[in-house]
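What follows is protein.cif (mmCIF, C-alpha atoms).
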```cif
data_input
#
loop_
_atom_site.label_atom_id
_atom_site.label_comp_id
_atom_site.auth_asym_id
_atom_site.auth_seq_id
_atom_site.Cartn_x
_atom_site.Cartn_y
_atom_site.Cartn_z
CA MET K 21 1.96 -32.98 -37.07
CA THR K 22 1.76 -29.99 -39.40
CA ALA K 23 4.74 -28.40 -37.64
CA LEU K 24 6.75 -31.61 -38.09
CA ALA K 25 5.76 -31.68 -41.77
CA GLY K 26 7.09 -28.14 -42.11
CA ARG K 27 10.45 -29.21 -40.74
CA PHE K 28 10.70 -32.02 -43.28
CA GLY K 29 9.73 -29.51 -45.98
CA ASP K 30 12.51 -27.16 -44.86
CA VAL K 31 15.04 -30.01 -44.97
CA ALA K 32 13.81 -30.98 -48.44
CA ARG K 33 14.29 -27.45 -49.78
CA GLU K 34 17.71 -27.06 -48.18
CA THR K 35 18.91 -30.49 -49.37
CA LEU K 36 17.71 -30.09 -52.96
CA GLY K 37 19.15 -26.57 -53.00
CA SER K 38 22.53 -27.93 -51.92
CA ALA K 39 22.29 -30.67 -54.56
CA THR K 40 21.58 -28.07 -57.25
CA GLY K 41 24.54 -25.97 -56.17
CA LEU K 42 26.93 -28.92 -56.02
CA SER K 43 25.82 -30.26 -59.40
CA GLY K 44 27.43 -27.22 -60.97
CA TYR K 45 30.84 -28.73 -60.20
CA LEU K 46 30.10 -31.56 -62.66
CA LEU K 47 30.57 -29.12 -65.54
CA ASP K 48 32.93 -26.68 -63.84
CA PRO K 49 35.21 -25.19 -66.57
CA GLY K 50 38.24 -25.25 -64.31
CA LEU K 51 37.85 -28.95 -63.63
CA LEU K 52 37.28 -29.70 -67.30
CA VAL K 53 40.46 -27.86 -68.33
CA SER K 54 42.56 -29.54 -65.64
CA SER K 55 41.16 -33.02 -66.29
CA TRP K 56 43.92 -33.75 -68.86
CA LEU K 57 46.47 -33.54 -66.02
CA ASP K 58 44.75 -36.39 -64.10
CA PRO K 59 42.05 -38.00 -66.22
CA ILE K 60 41.70 -40.95 -63.82
CA GLY K 61 41.29 -38.67 -60.79
CA TYR K 62 38.82 -36.48 -62.70
CA ALA K 63 36.72 -39.53 -63.65
CA ALA K 64 36.74 -40.75 -60.05
CA PHE K 65 35.66 -37.30 -58.79
CA GLU K 66 32.80 -37.07 -61.30
CA THR K 67 31.63 -40.60 -60.47
CA GLU K 68 31.66 -39.99 -56.71
CA LEU K 69 29.91 -36.62 -57.00
CA LEU K 70 27.22 -38.08 -59.25
CA ALA K 71 26.68 -40.87 -56.73
CA ALA K 72 26.53 -38.42 -53.83
CA LEU K 73 24.01 -36.26 -55.65
CA GLY K 74 21.79 -38.67 -57.51
CA GLY K 75 22.67 -42.13 -56.23
CA TRP K 76 20.85 -44.29 -53.72
CA ARG K 77 20.46 -42.29 -50.48
CA GLY K 78 22.21 -39.35 -52.12
CA LEU K 79 21.25 -35.70 -51.62
CA CYS K 80 18.53 -35.74 -54.27
CA TRP K 81 17.08 -38.93 -52.85
CA ALA K 82 17.13 -37.47 -49.32
CA GLY K 83 15.53 -34.22 -50.48
CA LEU K 84 12.76 -35.98 -52.37
CA ALA K 85 12.16 -38.36 -49.46
CA CYS K 86 11.83 -35.46 -47.02
CA GLY K 87 9.50 -33.70 -49.46
CA GLY K 88 7.40 -36.84 -49.65
CA LEU K 89 7.21 -37.05 -45.85
CA ASP K 90 6.19 -33.40 -45.76
CA GLY K 91 3.29 -34.11 -48.12
CA GLU K 92 2.25 -37.31 -46.35
CA LEU K 93 2.24 -35.68 -42.92
CA ARG K 94 0.24 -32.69 -44.17
CA PHE K 95 -2.28 -35.00 -45.82
CA ALA K 96 -2.56 -37.05 -42.63
CA ALA K 97 -2.99 -33.92 -40.49
CA THR K 98 -5.69 -32.58 -42.82
CA THR K 99 -7.45 -35.95 -42.81
CA TYR K 100 -7.33 -36.22 -39.02
CA ALA K 101 -8.64 -32.66 -38.64
CA GLU K 102 -11.49 -33.28 -41.07
CA VAL K 103 -12.44 -36.57 -39.40
CA ASP K 104 -12.31 -34.85 -36.03
CA ARG K 105 -14.49 -32.04 -37.36
CA LEU K 106 -17.04 -34.47 -38.77
CA GLU K 107 -17.01 -36.53 -35.57
CA THR K 108 -17.48 -33.40 -33.47
CA ALA K 109 -20.30 -32.20 -35.71
CA ALA K 110 -22.02 -35.59 -35.52
CA HIS K 111 -21.53 -35.67 -31.75
CA ASP K 112 -22.99 -32.17 -31.44
CA VAL K 113 -25.99 -33.04 -33.59
CA VAL K 114 -26.73 -36.24 -31.66
CA LEU K 115 -26.13 -34.68 -28.26
CA GLY K 116 -27.97 -31.52 -29.27
CA SER K 117 -30.97 -33.57 -30.36
CA LEU K 118 -30.98 -35.48 -27.08
CA LEU K 119 -30.81 -32.26 -25.04
CA ALA K 120 -33.21 -30.25 -27.21
CA PHE K 121 -36.16 -32.54 -26.60
CA PRO K 122 -36.18 -32.35 -22.78
CA ALA K 123 -35.50 -28.60 -23.03
CA ALA K 124 -38.55 -28.21 -25.25
CA VAL K 125 -40.59 -30.33 -22.84
CA GLU K 126 -39.46 -28.15 -19.94
CA GLY K 127 -40.45 -25.03 -21.86
CA GLY K 128 -43.85 -26.52 -22.64
CA LEU K 129 -44.46 -27.35 -18.98
CA VAL K 130 -43.53 -23.82 -17.90
CA LEU K 131 -45.78 -22.35 -20.57
CA ALA K 132 -48.67 -24.58 -19.50
CA ARG K 133 -48.13 -23.72 -15.84
CA THR K 134 -47.62 -19.97 -16.18
CA GLY K 135 -49.02 -18.99 -19.55
CA ASP K 136 -45.91 -16.80 -19.93
CA PRO K 137 -44.03 -17.37 -23.20
CA VAL K 138 -41.02 -15.35 -21.99
CA ARG K 139 -40.56 -17.58 -18.95
CA ALA K 140 -41.06 -20.62 -21.17
CA ALA K 141 -38.31 -19.42 -23.53
CA GLU K 142 -36.03 -18.79 -20.54
CA ALA K 143 -36.66 -22.34 -19.35
CA VAL K 144 -35.73 -23.76 -22.77
CA LEU K 145 -32.49 -21.74 -22.98
CA ALA K 146 -31.55 -22.51 -19.38
CA ALA K 147 -32.02 -26.23 -20.05
CA ASP K 148 -30.05 -26.11 -23.33
CA PRO K 149 -28.19 -22.82 -23.94
CA GLU K 150 -26.40 -24.32 -26.96
CA LEU K 151 -29.66 -24.04 -28.88
CA ALA K 152 -28.68 -20.39 -29.18
CA ASP K 153 -25.62 -21.45 -31.23
CA LEU K 154 -27.83 -23.10 -33.84
CA VAL K 155 -30.24 -20.18 -34.07
CA ILE K 156 -27.51 -17.54 -34.14
CA THR K 157 -25.50 -19.40 -36.79
CA ALA K 158 -28.57 -19.93 -38.94
CA LEU K 159 -29.59 -16.27 -38.71
CA GLY K 160 -26.08 -14.93 -39.33
CA VAL K 161 -26.24 -12.75 -36.22
CA PRO K 162 -22.50 -11.82 -35.98
CA SER K 163 -22.32 -10.49 -39.55
CA THR K 164 -25.65 -8.71 -39.12
CA LEU K 165 -24.48 -7.02 -35.91
CA GLN K 166 -21.25 -5.98 -37.60
CA ALA K 167 -23.09 -4.48 -40.57
CA LEU K 168 -25.50 -2.57 -38.34
CA ALA K 169 -22.66 -1.31 -36.15
CA HIS K 170 -20.85 0.07 -39.21
CA GLU K 171 -24.00 1.81 -40.37
CA VAL K 172 -24.36 3.59 -37.04
CA GLY K 173 -20.69 4.52 -36.61
CA ASP K 174 -18.72 4.41 -33.38
CA GLY K 175 -17.21 7.85 -32.81
CA HIS K 176 -14.29 7.92 -30.39
CA GLY K 177 -13.93 7.07 -26.73
CA VAL K 178 -13.49 9.57 -23.91
CA ALA K 179 -12.41 8.77 -20.33
CA VAL K 180 -13.58 11.05 -17.51
CA ASP K 181 -11.78 10.64 -14.17
CA THR K 182 -14.41 10.20 -11.45
CA GLY K 183 -12.01 9.92 -8.51
CA THR K 184 -10.73 7.14 -6.29
CA ASP K 185 -12.57 4.29 -4.59
CA ASP K 186 -11.34 2.66 -1.39
CA VAL K 187 -14.63 1.02 -0.40
CA GLY K 188 -15.11 -2.75 -0.20
CA ALA K 189 -13.27 -4.87 -2.76
CA ALA K 190 -11.89 -1.75 -4.47
CA GLY K 191 -9.94 -0.81 -1.35
CA ARG K 192 -8.29 -4.18 -0.79
CA PRO K 193 -5.54 -5.83 -2.84
CA PRO K 194 -7.02 -8.96 -4.45
CA ARG K 195 -5.90 -12.31 -3.06
CA GLN K 196 -7.79 -14.72 -5.33
CA LEU K 197 -10.01 -14.97 -8.39
CA THR K 198 -13.22 -14.22 -6.50
CA ASP K 199 -11.77 -10.88 -5.39
CA LEU K 200 -11.43 -9.87 -9.05
CA LEU K 201 -15.09 -10.66 -9.69
CA ALA K 202 -16.17 -8.92 -6.47
CA ASP K 203 -14.59 -5.63 -7.55
CA LEU K 204 -16.02 -6.01 -11.05
CA ALA K 205 -19.47 -6.52 -9.48
CA GLN K 206 -18.97 -3.39 -7.37
CA ARG K 207 -18.19 -1.36 -10.48
CA ASN K 208 -21.10 -2.93 -12.35
CA ALA K 209 -23.50 -1.86 -9.58
CA ASP K 210 -22.83 1.83 -10.33
CA ASP K 211 -25.88 3.54 -11.87
CA ARG K 212 -23.65 5.41 -14.31
CA HIS K 213 -23.10 3.53 -17.56
CA GLY K 214 -19.60 2.88 -18.82
CA MET K 215 -17.92 2.82 -15.41
CA ILE K 216 -14.54 1.10 -15.20
CA ASP K 217 -11.66 1.23 -12.77
CA VAL K 218 -7.89 1.00 -12.94
CA ARG K 219 -6.20 -0.51 -9.90
CA ILE K 220 -2.49 0.18 -9.39
CA LEU K 221 -1.01 -2.57 -7.23
CA THR K 222 2.28 -2.25 -5.38
CA LEU K 223 4.02 -5.46 -4.33
CA PRO K 224 6.23 -5.83 -1.22
CA ASP K 225 9.37 -5.61 -3.37
CA GLY K 226 8.22 -2.30 -4.84
CA THR K 227 7.25 -3.61 -8.26
CA ARG K 228 3.89 -2.67 -9.75
CA ARG K 229 0.97 -4.36 -11.43
CA ALA K 230 -2.28 -2.96 -12.84
CA ILE K 231 -5.80 -4.44 -12.99
CA VAL K 232 -8.50 -2.90 -15.19
CA ASP K 233 -12.17 -3.76 -14.58
CA ILE K 234 -14.52 -3.33 -17.56
CA THR K 235 -18.30 -3.56 -17.18
CA GLY K 236 -20.77 -4.87 -19.75
CA THR K 237 -23.82 -3.84 -21.76
CA ARG K 238 -26.17 -1.37 -20.07
CA SER K 239 -27.84 0.30 -23.07
CA TRP K 240 -29.92 -1.64 -25.60
CA THR K 241 -30.33 1.09 -28.18
CA PRO K 242 -28.97 0.37 -31.67
CA LEU K 243 -29.01 4.11 -32.44
CA PRO K 244 -26.17 6.64 -32.08
CA THR K 245 -25.60 7.33 -28.41
CA ALA K 246 -22.91 8.64 -26.08
CA ASP K 247 -23.26 5.40 -24.08
CA VAL K 248 -20.40 3.04 -25.02
CA THR K 249 -22.17 0.11 -23.35
CA SER K 250 -24.62 -0.04 -26.26
CA LEU K 251 -25.34 -2.52 -29.04
CA THR K 252 -22.99 -0.60 -31.35
CA THR K 253 -20.06 -1.67 -29.19
CA ASP K 254 -21.39 -5.23 -28.99
CA GLY K 255 -21.63 -5.53 -32.77
CA ARG K 256 -18.12 -4.28 -33.43
CA ALA K 257 -16.37 -5.96 -30.49
CA LEU K 258 -18.01 -9.34 -31.20
CA VAL K 259 -16.13 -9.61 -34.49
CA GLY K 260 -12.86 -8.14 -33.19
CA GLU K 261 -13.02 -4.52 -34.34
CA GLN K 262 -11.69 -1.67 -32.25
CA THR K 263 -14.41 0.33 -30.46
CA ALA K 264 -14.84 3.68 -28.75
CA TYR K 265 -15.18 1.73 -25.50
CA GLU K 266 -11.74 0.19 -26.02
CA GLN K 267 -10.26 3.59 -26.86
CA GLY K 268 -11.70 4.99 -23.63
CA VAL K 269 -10.30 2.09 -21.57
CA LEU K 270 -6.80 2.59 -22.97
CA ALA K 271 -7.06 6.35 -22.38
CA ALA K 272 -8.10 5.69 -18.76
CA MET K 273 -5.07 3.47 -18.28
CA HIS K 274 -2.82 6.28 -19.48
CA ARG K 275 -4.48 8.78 -17.14
CA ALA K 276 -4.25 6.39 -14.19
CA GLY K 277 -0.50 6.16 -14.65
CA VAL K 278 -0.12 2.62 -15.97
CA ARG K 279 3.41 2.31 -17.30
CA PRO K 280 4.48 0.38 -20.41
CA ALA K 281 6.57 -1.96 -18.22
CA ASP K 282 3.75 -2.74 -15.74
CA ASP K 283 2.18 -6.19 -16.06
CA VAL K 284 -1.54 -5.65 -16.69
CA LEU K 285 -4.58 -7.86 -16.06
CA LEU K 286 -7.84 -6.93 -17.82
CA VAL K 287 -11.11 -8.19 -16.30
CA GLY K 288 -14.43 -7.91 -18.14
CA HIS K 289 -18.02 -9.08 -17.88
CA SER K 290 -20.12 -9.78 -21.00
CA GLU K 291 -19.48 -6.90 -23.44
CA GLY K 292 -16.67 -5.85 -21.11
CA GLY K 293 -15.01 -9.21 -21.77
CA LEU K 294 -15.10 -8.58 -25.52
CA VAL K 295 -13.56 -5.14 -25.01
CA ALA K 296 -10.92 -6.61 -22.68
CA VAL K 297 -9.77 -9.21 -25.24
CA ASN K 298 -9.63 -6.70 -28.09
CA ALA K 299 -7.86 -4.12 -25.93
CA ALA K 300 -5.28 -6.70 -24.84
CA ARG K 301 -4.63 -7.66 -28.46
CA ASP K 302 -4.21 -4.06 -29.62
CA ALA K 303 -2.20 -2.85 -26.61
CA VAL K 304 0.34 -5.65 -27.03
CA ALA K 305 0.47 -5.25 -30.82
CA ASN K 306 1.36 -1.55 -30.65
CA GLY K 307 3.48 -1.84 -27.50
CA THR K 308 1.36 0.61 -25.48
CA PHE K 309 0.85 -1.63 -22.44
CA ASN K 310 2.19 -4.99 -21.29
CA VAL K 311 -1.10 -6.89 -20.93
CA THR K 312 -0.18 -10.38 -19.72
CA HIS K 313 -3.53 -11.76 -18.50
CA VAL K 314 -7.24 -11.42 -19.24
CA VAL K 315 -10.18 -12.80 -17.22
CA THR K 316 -13.66 -12.70 -18.75
CA ALA K 317 -17.06 -13.68 -17.36
CA GLY K 318 -19.98 -14.54 -19.62
CA ALA K 319 -18.45 -13.16 -22.84
CA PRO K 320 -18.90 -14.63 -26.35
CA LEU K 321 -15.24 -14.94 -27.36
CA GLY K 322 -15.26 -17.63 -30.03
CA LEU K 323 -14.61 -15.22 -32.90
CA ILE K 324 -11.88 -13.15 -31.24
CA ALA K 325 -9.98 -15.18 -28.62
CA GLY K 326 -7.76 -16.66 -31.31
CA SER K 327 -6.45 -13.18 -32.17
CA LEU K 328 -4.72 -12.79 -28.80
CA PRO K 329 -0.91 -12.85 -28.92
CA SER K 330 0.60 -15.97 -27.35
CA SER K 331 2.06 -13.79 -24.60
CA VAL K 332 -1.44 -13.01 -23.27
CA GLN K 333 -3.07 -15.68 -21.10
CA LEU K 334 -6.87 -15.76 -21.19
CA LEU K 335 -9.18 -17.37 -18.63
CA ALA K 336 -12.78 -17.36 -19.88
CA LEU K 337 -15.42 -18.14 -17.23
CA GLU K 338 -18.64 -19.47 -18.75
CA ASN K 339 -21.89 -20.51 -17.10
CA GLU K 340 -23.35 -23.61 -18.77
CA ARG K 341 -26.82 -22.07 -18.34
CA ASP K 342 -25.86 -18.64 -19.66
CA VAL K 343 -26.97 -17.93 -23.22
CA VAL K 344 -24.67 -14.90 -23.72
CA PRO K 345 -21.40 -16.84 -24.32
CA HIS K 346 -23.23 -18.51 -27.22
CA LEU K 347 -24.15 -15.25 -28.98
CA ASP K 348 -21.28 -15.59 -31.47
CA GLY K 349 -22.35 -19.09 -32.51
CA LYS K 350 -18.81 -20.43 -32.10
CA GLU K 351 -16.82 -22.23 -29.40
CA ASN K 352 -13.66 -20.70 -27.97
CA PRO K 353 -10.51 -21.83 -29.82
CA ASP K 354 -8.36 -24.61 -28.39
CA ARG K 355 -5.07 -22.79 -27.78
CA VAL K 356 -2.33 -23.01 -25.16
CA ASN K 357 -3.02 -19.46 -23.97
CA VAL K 358 -6.83 -19.77 -23.96
CA THR K 359 -8.46 -21.58 -21.02
CA THR K 360 -12.24 -21.87 -20.88
CA ALA K 361 -13.68 -22.86 -17.49
CA THR K 362 -17.30 -23.95 -17.52
CA THR K 363 -19.60 -24.83 -14.64
CA GLU K 364 -23.23 -24.22 -13.69
CA HIS K 365 -24.75 -21.55 -11.44
CA GLY K 366 -27.62 -19.09 -11.54
CA ASP K 367 -31.38 -19.10 -11.05
CA GLY K 368 -32.55 -20.52 -14.38
CA THR K 369 -33.51 -17.19 -15.95
CA VAL K 370 -31.72 -15.53 -18.86
CA THR K 371 -30.83 -12.54 -16.69
CA GLY K 372 -30.03 -14.44 -13.50
CA ASP K 373 -27.73 -16.89 -15.25
CA HIS K 374 -25.67 -13.98 -16.58
CA THR K 375 -25.20 -11.83 -13.49
CA ILE K 376 -21.83 -11.39 -11.80
CA THR K 377 -23.03 -11.85 -8.23
CA GLY K 378 -25.60 -14.58 -8.87
CA ALA K 379 -23.70 -16.70 -11.37
CA TYR K 380 -20.09 -15.70 -12.00
CA LEU K 381 -18.88 -15.07 -8.45
CA PRO K 382 -19.83 -18.67 -7.53
CA ILE K 383 -18.21 -19.87 -10.76
CA ALA K 384 -15.01 -18.02 -9.85
CA ALA K 385 -15.04 -19.81 -6.47
CA ASP K 386 -15.39 -23.17 -8.24
CA VAL K 387 -12.56 -22.35 -10.63
CA GLN K 388 -10.33 -21.10 -7.82
CA ALA K 389 -10.70 -24.48 -6.08
CA SER K 390 -10.24 -26.51 -9.27
CA SER K 391 -7.28 -28.87 -9.71
CA ASN K 392 -7.45 -28.62 -13.50
CA ARG K 393 -3.92 -28.23 -14.87
CA SER K 394 -4.73 -25.41 -17.30
CA ILE K 395 -6.55 -23.43 -14.62
CA ARG K 396 -3.75 -23.96 -12.10
CA ASP K 397 -1.20 -22.84 -14.70
CA PHE K 398 -3.17 -19.67 -15.38
CA LEU K 399 -3.53 -18.83 -11.69
CA THR K 400 0.14 -19.56 -11.05
CA GLY K 401 1.13 -17.27 -13.90
CA ALA K 402 -1.16 -14.54 -12.54
CA ASP K 403 0.14 -14.91 -8.98
CA GLY K 404 1.81 -11.49 -9.03
CA PHE K 405 -1.61 -9.83 -9.19
CA PHE K 406 -2.61 -11.51 -5.92
CA ARG K 407 0.43 -10.59 -3.80
CA ALA K 408 0.19 -6.80 -3.61
CA SER K 409 0.72 -4.99 -0.31
CA SER K 410 -1.30 -1.93 -1.36
CA VAL K 411 -3.76 -0.79 -4.01
CA GLU K 412 -5.01 2.50 -5.40
CA THR K 413 -8.24 2.29 -7.37
CA ARG K 414 -9.10 5.09 -9.81
CA THR K 415 -12.54 5.11 -11.41
CA PHE K 416 -13.45 6.43 -14.86
CA GLN K 417 -16.61 6.84 -16.88
CA ILE K 418 -16.12 5.99 -20.54
CA SER K 419 -18.37 7.69 -23.08
CA ARG K 420 -18.56 8.13 -26.84
CA ARG K 421 -18.27 11.33 -28.84
CA TYR K 422 -19.04 11.74 -32.53
#
```
Let me see whether you can do it: turn the structure in this file into structure tokens.
Amino acid sequence: MTALAGRFGDVARETLGSATGLSGYLLDPGLLVSSWLDPIGYAAFETELLAALGGWRGLCWAGLACGGLDGELRFAATTYAEVDRLETAAHDVVLGSLLAFPAAVEGGLVLARTGDPVRAAEAVLAADPELADLVITALGVPSTLQALAHEVGDGHGVAVDTGTDDVGAAGRPPRQLTDLLADLAQRNADDRHGMIDVRILTLPDGTRRAIVDITGTRSWTPLPTADVTSLTTDGRALVGEQTAYEQGVLAAMHRAGVRPADDVLLVGHSEGGLVAVNAARDAVANGTFNVTHVVTAGAPLGLIAGSLPSSVQLLALENERDVVPHLDGKENPDRVNVTTATTEHGDGTVTGDHTITGAYLPIAADVQASSNRSIRDFLTGADGFFRASSVETRTFQISRRY
């Protein structure tokens, strides 16, 4: 509706501009001087031009009418959006209240049965993860994380080539969504923090694709550290700032031989999902790499997904029981190139509901089998990444230097 209003506004400006230009002929010196040769013709011309410009359904009338439609449509769009926002907020409050009570009861029962407040808190969050949205929004967590991250500083990212991997999922070209998550899980299982891989795919026709797998948080220190999987990266990436981790990922892609013309798919879990979205945005903006698709698992993307260029398709996998996607206190934006797929898996603990193997591999299987139009469109668009005849997987450890 807003786009349609803009078109009417453009017509209004063009029409009134034309009317202003044509009105100059009413007092054109040449016409005035020549009017004595044909006073009747001159009077007829002036009358007709005045009617065309200012008469009923003339140019001025049309311009003002289009301007009025522009204003009316914008007002209607704003009203609809505000009503929708209020309705959504009321719905969330009512639904949240209905869900919060049984979640609190469940937490109380677990506490009474086990005497363990940590398990009780896990039970509450597993029953109603959206409670985290309310708490995080009230506490201003995103802005606090950003401020702390800036205080610590982020240094710059370094990529160390750790060789090739042809074992398990890393040695096979992916054929479906679950294969992407299986390789990400394999990389995540490495004891070394900051491990990623770059997979160069060759299709039967000789064309190439690249898949980059980015693992999540492994270090919980808020202090300066060489480990890029720390809270410093979380704080900066959550609000869309470039990080040393992202710099290291892009450097690894260069070293692995990814070409500017290669279609690239970035895959990330948790913090790795944040880095993947920001890296896709920046790589496309500066023309370094042609990132066309991003798949994330358990990442809080509400504050940054909207910054992706329209050319990048995002599929965000979220576990309904996982608290981590709620850590930004905001839902993912409703955009054509942003698809959020939500289902429920895990073991009911904060950790178990966030793992790749226990929660997000089963979710990927559900999504792969889904008939949802948006999901099918994403998978169809990403089909080239699932048709390779060979793959070479290079692994890198990303670290931070100050």
request  = For K:Gly322, please output as a PyMOL selection string all residues within 7 Å (counting only C-alpha atoms; exclusion window: fewer than 3 positions along the same chain).
outcome  = chain K and resi 325+348+350-353
key: Computed interatomic separation between atom CA of K:Leu131 and atom CA of K:His346 (Å)   =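 One can read the atom CA of K:Leu131 to atom CA of K:His346 distance as 23.8 Å.
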Tell me, counting only C-alpha atoms, for each residue of stretch 162-270 of chain K within 10 Å of stretch 277-293 of chain K, which pair of atoms is nearest and how far apart they are in Å to one decimal, in rows ordered by chain and increasing number, as JSON lines.
```
{"residue": "K:Leu200", "atom": "CA", "partner": "K:Val287", "partner_atom": "CA", "distance": 7.4}
{"residue": "K:Leu201", "atom": "CA", "partner": "K:Val287", "partner_atom": "CA", "distance": 8.1}
{"residue": "K:Asp203", "atom": "CA", "partner": "K:Val287", "partner_atom": "CA", "distance": 9.8}
{"residue": "K:Leu204", "atom": "CA", "partner": "K:Gly288", "partner_atom": "CA", "distance": 7.5}
{"residue": "K:Ala205", "atom": "CA", "partner": "K:His289", "partner_atom": "CA", "distance": 8.9}
{"residue": "K:Asn208", "atom": "CA", "partner": "K:His289", "partner_atom": "CA", "distance": 8.8}
{"residue": "K:Gly214", "atom": "CA", "partner": "K:Gly292", "partner_atom": "CA", "distance": 9.5}
{"residue": "K:Ile216", "atom": "CA", "partner": "K:Gly292", "partner_atom": "CA", "distance": 9.4}
{"residue": "K:Val218", "atom": "CA", "partner": "K:Val278", "partner_atom": "CA", "distance": 8.5}
{"residue": "K:Arg219", "atom": "CA", "partner": "K:Val278", "partner_atom": "CA", "distance": 9.1}
{"residue": "K:Ile220", "atom": "CA", "partner": "K:Val278", "partner_atom": "CA", "distance": 7.4}
{"residue": "K:Leu221", "atom": "CA", "partner": "K:Asp282", "partner_atom": "CA", "distance": 9.8}
{"residue": "K:Thr227", "atom": "CA", "partner": "K:Asp282", "partner_atom": "CA", "distance": 8.3}
{"residue": "K:Arg228", "atom": "CA", "partner": "K:Asp282", "partner_atom": "CA", "distance": 6.0}
{"residue": "K:Arg229", "atom": "CA", "partner": "K:Asp283", "partner_atom": "CA", "distance": 5.1}
{"residue": "K:Ala230", "atom": "CA", "partner": "K:Val284", "partner_atom": "CA", "distance": 4.8}
{"residue": "K:Ile231", "atom": "CA", "partner": "K:Leu285", "partner_atom": "CA", "distance": 4.8}
{"residue": "K:Val232", "atom": "CA", "partner": "K:Leu286", "partner_atom": "CA", "distance": 4.9}
{"residue": "K:Asp233", "atom": "CA", "partner": "K:Val287", "partner_atom": "CA", "distance": 4.9}
{"residue": "K:Ile234", "atom": "CA", "partner": "K:Gly288", "partner_atom": "CA", "distance": 4.6}
{"residue": "K:Thr235", "atom": "CA", "partner": "K:Gly292", "partner_atom": "CA", "distance": 4.8}
{"residue": "K:Gly236", "atom": "CA", "partner": "K:Glu291", "partner_atom": "CA", "distance": 4.4}
{"residue": "K:Thr237", "atom": "CA", "partner": "K:Glu291", "partner_atom": "CA", "distance": 5.6}
{"residue": "K:Arg238", "atom": "CA", "partner": "K:Glu291", "partner_atom": "CA", "distance": 9.3}
{"residue": "K:Thr249", "atom": "CA", "partner": "K:Glu291", "partner_atom": "CA", "distance": 7.5}
{"residue": "K:Ser250", "atom": "CA", "partner": "K:Glu291", "partner_atom": "CA", "distance": 9.0}
{"residue": "K:Leu251", "atom": "CA", "partner": "K:Glu291", "partner_atom": "CA", "distance": 9.2}
{"residue": "K:Thr253", "atom": "CA", "partner": "K:Glu291", "partner_atom": "CA", "distance": 7.8}
{"residue": "K:Asp254", "atom": "CA", "partner": "K:Glu291", "partner_atom": "CA", "distance": 6.1}
{"residue": "K:Gly255", "atom": "CA", "partner": "K:Glu291", "partner_atom": "CA", "distance": 9.7}
{"residue": "K:Ala257", "atom": "CA", "partner": "K:Glu291", "partner_atom": "CA", "distance": 7.8}
{"residue": "K:Leu258", "atom": "CA", "partner": "K:Glu291", "partner_atom": "CA", "distance": 8.3}
{"residue": "K:Tyr265", "atom": "CA", "partner": "K:Gly292", "partner_atom": "CA", "distance": 8.9}
{"residue": "K:Glu266", "atom": "CA", "partner": "K:Gly292", "partner_atom": "CA", "distance": 9.2}
{"residue": "K:Leu270", "atom": "CA", "partner": "K:Val278", "partner_atom": "CA", "distance": 9.7}
```
message = One decimal, in Å: what's the spacing between atom CA of K:Asp373 and atom CA of K:Asp136?
response = 18.8 Å
query = Could you spell out the hits of the PyMOL selection byres ((chain K and resi 275) around 10) on the shown file, as a PyMOL selection string?
reply = chain K and resi 179-181+218+269-274+276-278+414+416
Give as an mmCIF file with C-alpha atoms, in the coordinates of the input the residues that the PyMOL selection byres ((chain K and resi 388) around 12) matches when applied to the coordinates above.
```cif
data_model
loop_
_atom_site.group_PDB
_atom_site.id
_atom_site.type_symbol
_atom_site.label_atom_id
_atom_site.label_comp_id
_atom_site.auth_asym_id
_atom_site.auth_seq_id
_atom_site.Cartn_x
_atom_site.Cartn_y
_atom_site.Cartn_z
ATOM 1 C CA ARG K 195 -5.900 -12.310 -3.060
ATOM 2 C CA GLN K 196 -7.790 -14.720 -5.330
ATOM 3 C CA LEU K 197 -10.010 -14.970 -8.390
ATOM 4 C CA THR K 198 -13.220 -14.220 -6.500
ATOM 5 C CA ASP K 199 -11.770 -10.880 -5.390
ATOM 6 C CA LEU K 200 -11.430 -9.870 -9.050
ATOM 7 C CA LEU K 201 -15.090 -10.660 -9.690
ATOM 8 C CA LEU K 335 -9.180 -17.370 -18.630
ATOM 9 C CA LEU K 337 -15.420 -18.140 -17.230
ATOM 10 C CA ALA K 361 -13.680 -22.860 -17.490
ATOM 11 C CA TYR K 380 -20.090 -15.700 -12.000
ATOM 12 C CA LEU K 381 -18.880 -15.070 -8.450
ATOM 13 C CA PRO K 382 -19.830 -18.670 -7.530
ATOM 14 C CA ILE K 383 -18.210 -19.870 -10.760
ATOM 15 C CA ALA K 384 -15.010 -18.020 -9.850
ATOM 16 C CA ALA K 385 -15.040 -19.810 -6.470
ATOM 17 C CA ASP K 386 -15.390 -23.170 -8.240
ATOM 18 C CA VAL K 387 -12.560 -22.350 -10.630
ATOM 19 C CA ALA K 389 -10.700 -24.480 -6.080
ATOM 20 C CA SER K 390 -10.240 -26.510 -9.270
ATOM 21 C CA SER K 391 -7.280 -28.870 -9.710
ATOM 22 C CA ASN K 392 -7.450 -28.620 -13.500
ATOM 23 C CA ARG K 393 -3.920 -28.230 -14.870
ATOM 24 C CA SER K 394 -4.730 -25.410 -17.300
ATOM 25 C CA ILE K 395 -6.550 -23.430 -14.620
ATOM 26 C CA ARG K 396 -3.750 -23.960 -12.100
ATOM 27 C CA ASP K 397 -1.200 -22.840 -14.700
ATOM 28 C CA PHE K 398 -3.170 -19.670 -15.380
ATOM 29 C CA LEU K 399 -3.530 -18.830 -11.690
ATOM 30 C CA THR K 400 0.140 -19.560 -11.050
#
```
Atom pair atom CA of K:Asp225 / atom CA of K:Asp186: separation (Å) =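 Atom CA of K:Asp225 sits 22.4 Å away from atom CA of K:Asp186.
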